[in-house]
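Colleague: Before I ask anything, let me first share the structure, which is written out below as structure tokens.
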Amino acid sequence: MRVVQVAAVIFVFWLVLAVPLAPVDLVWGALVSILVGFWAAELLWADGAPALSLRRLAGLVIYTLELIRSIVPAALQVARVILQPTMPIDPVVIKHRMRLNHEFTRVALANSITLTPGTHCVDSENGVLTIHCLDEHFANPVRDGRLEDRITRVLQRETMS
């Protein structure tokens with residue numbers, strides 16, 4: 001059952017990325033999704049996969065939309081910095097102690113930071129993230145806890161049960 005769930009999620013994600021679709025693309029996408037589903041179910045979650053409930057899936061969709069809403073302004077800021085002839089950047093590396101208690105939510109935070117233009121999570125150890133920021137102000141959403149608050153609100157509720 002886990003293989004089917006994982007393969008279905010991967011296939012849906014692939015469909016979003018692979019538009020427009022030809023029939024041969026659908027077949028290849030389905031085959032690769034099934035293979036990756038077997039791999040993920042056997043290797044990644046050999047000791048038991050996290051539950052993929054409707055509530056968690058809805059939370060992931062909501063979080064993804066909120067993340068996109070954060071990525072767009074950050075991408076515009078990075079573009080503005082790059083397009084300015086003087087390139088006013090002052091890269092900084094920060095350490096951030098996470099308030100999140102579960103591996104699932106910690107990984108979501110690290111990936112969210114890396115997906116947001118201008119920031120890159122370079123290490124995670126003992127609940128502390130090391131983050132490279134293109135400029136000091138790119139660290140603000142991490143420092144003020146906005147990203148963690150979103151993750152807690154949308155994702156952590158279910159991981160606690």
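Residues are referred to by chain and number: the chain letter is A, B, ... according to the order shown in the structure tokens, the number counts from 1 in that chain, and ligands are numbered separately from 1 in the order shown.
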Residues at most 7 Å from segment 88-105 of chain A, counting only C-alpha atoms, excluding those fewer than 2 positions away in the same chain, as number ranges by chain?
Modeller: A: 81, 86, 107-109, 127-136, 151, 155-156
Colleague: Next, the residues of the selection above should be written as a tab-separated table (two decimals), in the first residue's frame with C-alpha atoms.
Modeller:
```tsv
chain	number	residue	atom	x	y	z
A	81	VAL	CA	20.45	42.63	-6.52
A	86	THR	CA	27.20	47.62	-8.06
A	107	VAL	CA	13.53	18.70	6.80
A	108	ALA	CA	10.62	20.84	5.56
A	109	LEU	CA	12.25	23.92	7.13
A	127	GLY	CA	18.69	21.01	15.83
A	128	VAL	CA	20.88	23.85	14.50
A	129	LEU	CA	20.79	24.95	10.86
A	130	THR	CA	23.74	26.65	9.19
A	131	ILE	CA	22.40	28.95	6.50
A	132	HIS	CA	24.22	30.95	3.83
A	133	CYS	CA	22.39	34.17	2.94
A	134	LEU	CA	23.15	36.37	-0.05
A	135	ASP	CA	22.64	39.39	2.19
A	136	GLU	CA	21.77	39.99	5.84
A	151	ILE	CA	5.54	24.76	9.38
A	155	LEU	CA	2.57	20.40	9.33
A	156	GLN	CA	3.55	19.77	12.92
```
Colleague: Can you tell me, as a ChimeraX atom specification, which residues in segment 19-149 of chain A count as helix (DSSP H, G or I) by DSSP?
Modeller: /A:23-44,54-83,103-115,136-143,146-149
Colleague: Nearest to Ala75 of chain A among A:Asn140, A:Thr116, A:Ser33, A:Asn111, with distances taken over only C-alpha atoms: which residue is it?
Modeller: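 Among A:Asn140, A:Thr116, A:Ser33, A:Asn111, it is A:Thr116 that comes nearest to Ala75 of chain A.
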Colleague: Might you pull out every residue within 10 Å of Phe11 of chain A, with only C-alpha atoms counted and same-chain residues fewer than 5 positions away left off, and present them as a list in words?
Modeller: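 Residues near the query, excluding close chain neighbours: Gln5, Val6, Val16, Leu17, Leu26, Gly29, Ala30, Leu31, Val32, Ser33, Ile34, Val36 and Gly37 of chain A.
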Colleague: Those residues you just picked out, can you put them in a file as a JSON list (two decimals), in the first residue's frame with C-alpha atoms?
Modeller:
```
[["chain", "number", "residue", "atom", "x", "y", "z"],
["A", 5, "GLN", "CA", 0.78, 5.99, -2.16],
["A", 6, "VAL", "CA", 4.36, 7.10, -2.76],
["A", 16, "VAL", "CA", 2.76, 19.09, -12.79],
["A", 17, "LEU", "CA", 6.33, 19.38, -14.03],
["A", 26, "LEU", "CA", 2.37, 9.32, -19.33],
["A", 29, "GLY", "CA", 6.14, 8.89, -15.97],
["A", 30, "ALA", "CA", 4.02, 6.11, -14.49],
["A", 31, "LEU", "CA", 6.83, 3.54, -14.82],
["A", 32, "VAL", "CA", 9.43, 5.81, -13.24],
["A", 33, "SER", "CA", 7.01, 6.77, -10.47],
["A", 34, "ILE", "CA", 6.41, 3.12, -9.64],
["A", 36, "VAL", "CA", 10.87, 5.35, -7.38],
["A", 37, "GLY", "CA", 7.89, 4.35, -5.22]]
```
Colleague: Which residues of segment 8-93 of chain A come within 10 Å of segment 144-150 of chain A, and what is each one's closest atom pair and distance in Å (one decimal), counting only C-alpha atoms, sorted by chain and residue number, as JSON lines?
Modeller:
```
{"residue": "A:Ile62", "atom": "CA", "partner": "A:Arg150", "partner_atom": "CA", "distance": 9.6}
{"residue": "A:Tyr63", "atom": "CA", "partner": "A:Arg150", "partner_atom": "CA", "distance": 7.2}
{"residue": "A:Glu66", "atom": "CA", "partner": "A:Arg150", "partner_atom": "CA", "distance": 8.1}
{"residue": "A:Leu67", "atom": "CA", "partner": "A:Leu147", "partner_atom": "CA", "distance": 8.7}
{"residue": "A:Ser70", "atom": "CA", "partner": "A:Leu147", "partner_atom": "CA", "distance": 9.3}
```
Colleague: Just to be explicit: take each residue in the selection above, keep C-alpha atoms, and write the result as an mmCIF file, in the first residue's frame.
Modeller:
```
data_model
loop_
_atom_site.group_PDB
_atom_site.id
_atom_site.type_symbol
_atom_site.label_atom_id
_atom_site.label_comp_id
_atom_site.auth_asym_id
_atom_site.auth_seq_id
_atom_site.Cartn_x
_atom_site.Cartn_y
_atom_site.Cartn_z
ATOM 1 C CA ILE A 62 -1.325 24.756 1.988
ATOM 2 C CA TYR A 63 2.331 24.965 2.988
ATOM 3 C CA GLU A 66 2.517 29.686 1.294
ATOM 4 C CA LEU A 67 6.074 28.796 0.307
ATOM 5 C CA SER A 70 7.456 33.616 -0.080
#
```
Colleague: One decimal, Å: what's the distance from atom CA of Arg106 of chain A over to atom CA of His120 of chain A, could you say?
Modeller: 14.5 Å
Colleague: Could you tell me which of A:Trp39, A:Phe138, A:Phe13, A:Trp28 comes closest to Gln77 of chain A if we count only C-alpha atoms?
Modeller: A:Phe138
Colleague: Report the residues of chain A whose backbone DSSP state falls under strand (DSSP E), written as JSON, numbers by chain.
Modeller: {"A": [92, 93, 94, 95, 96, 97, 119, 120, 121, 122, 123, 124, 125, 128, 129, 130, 131, 132, 133]}
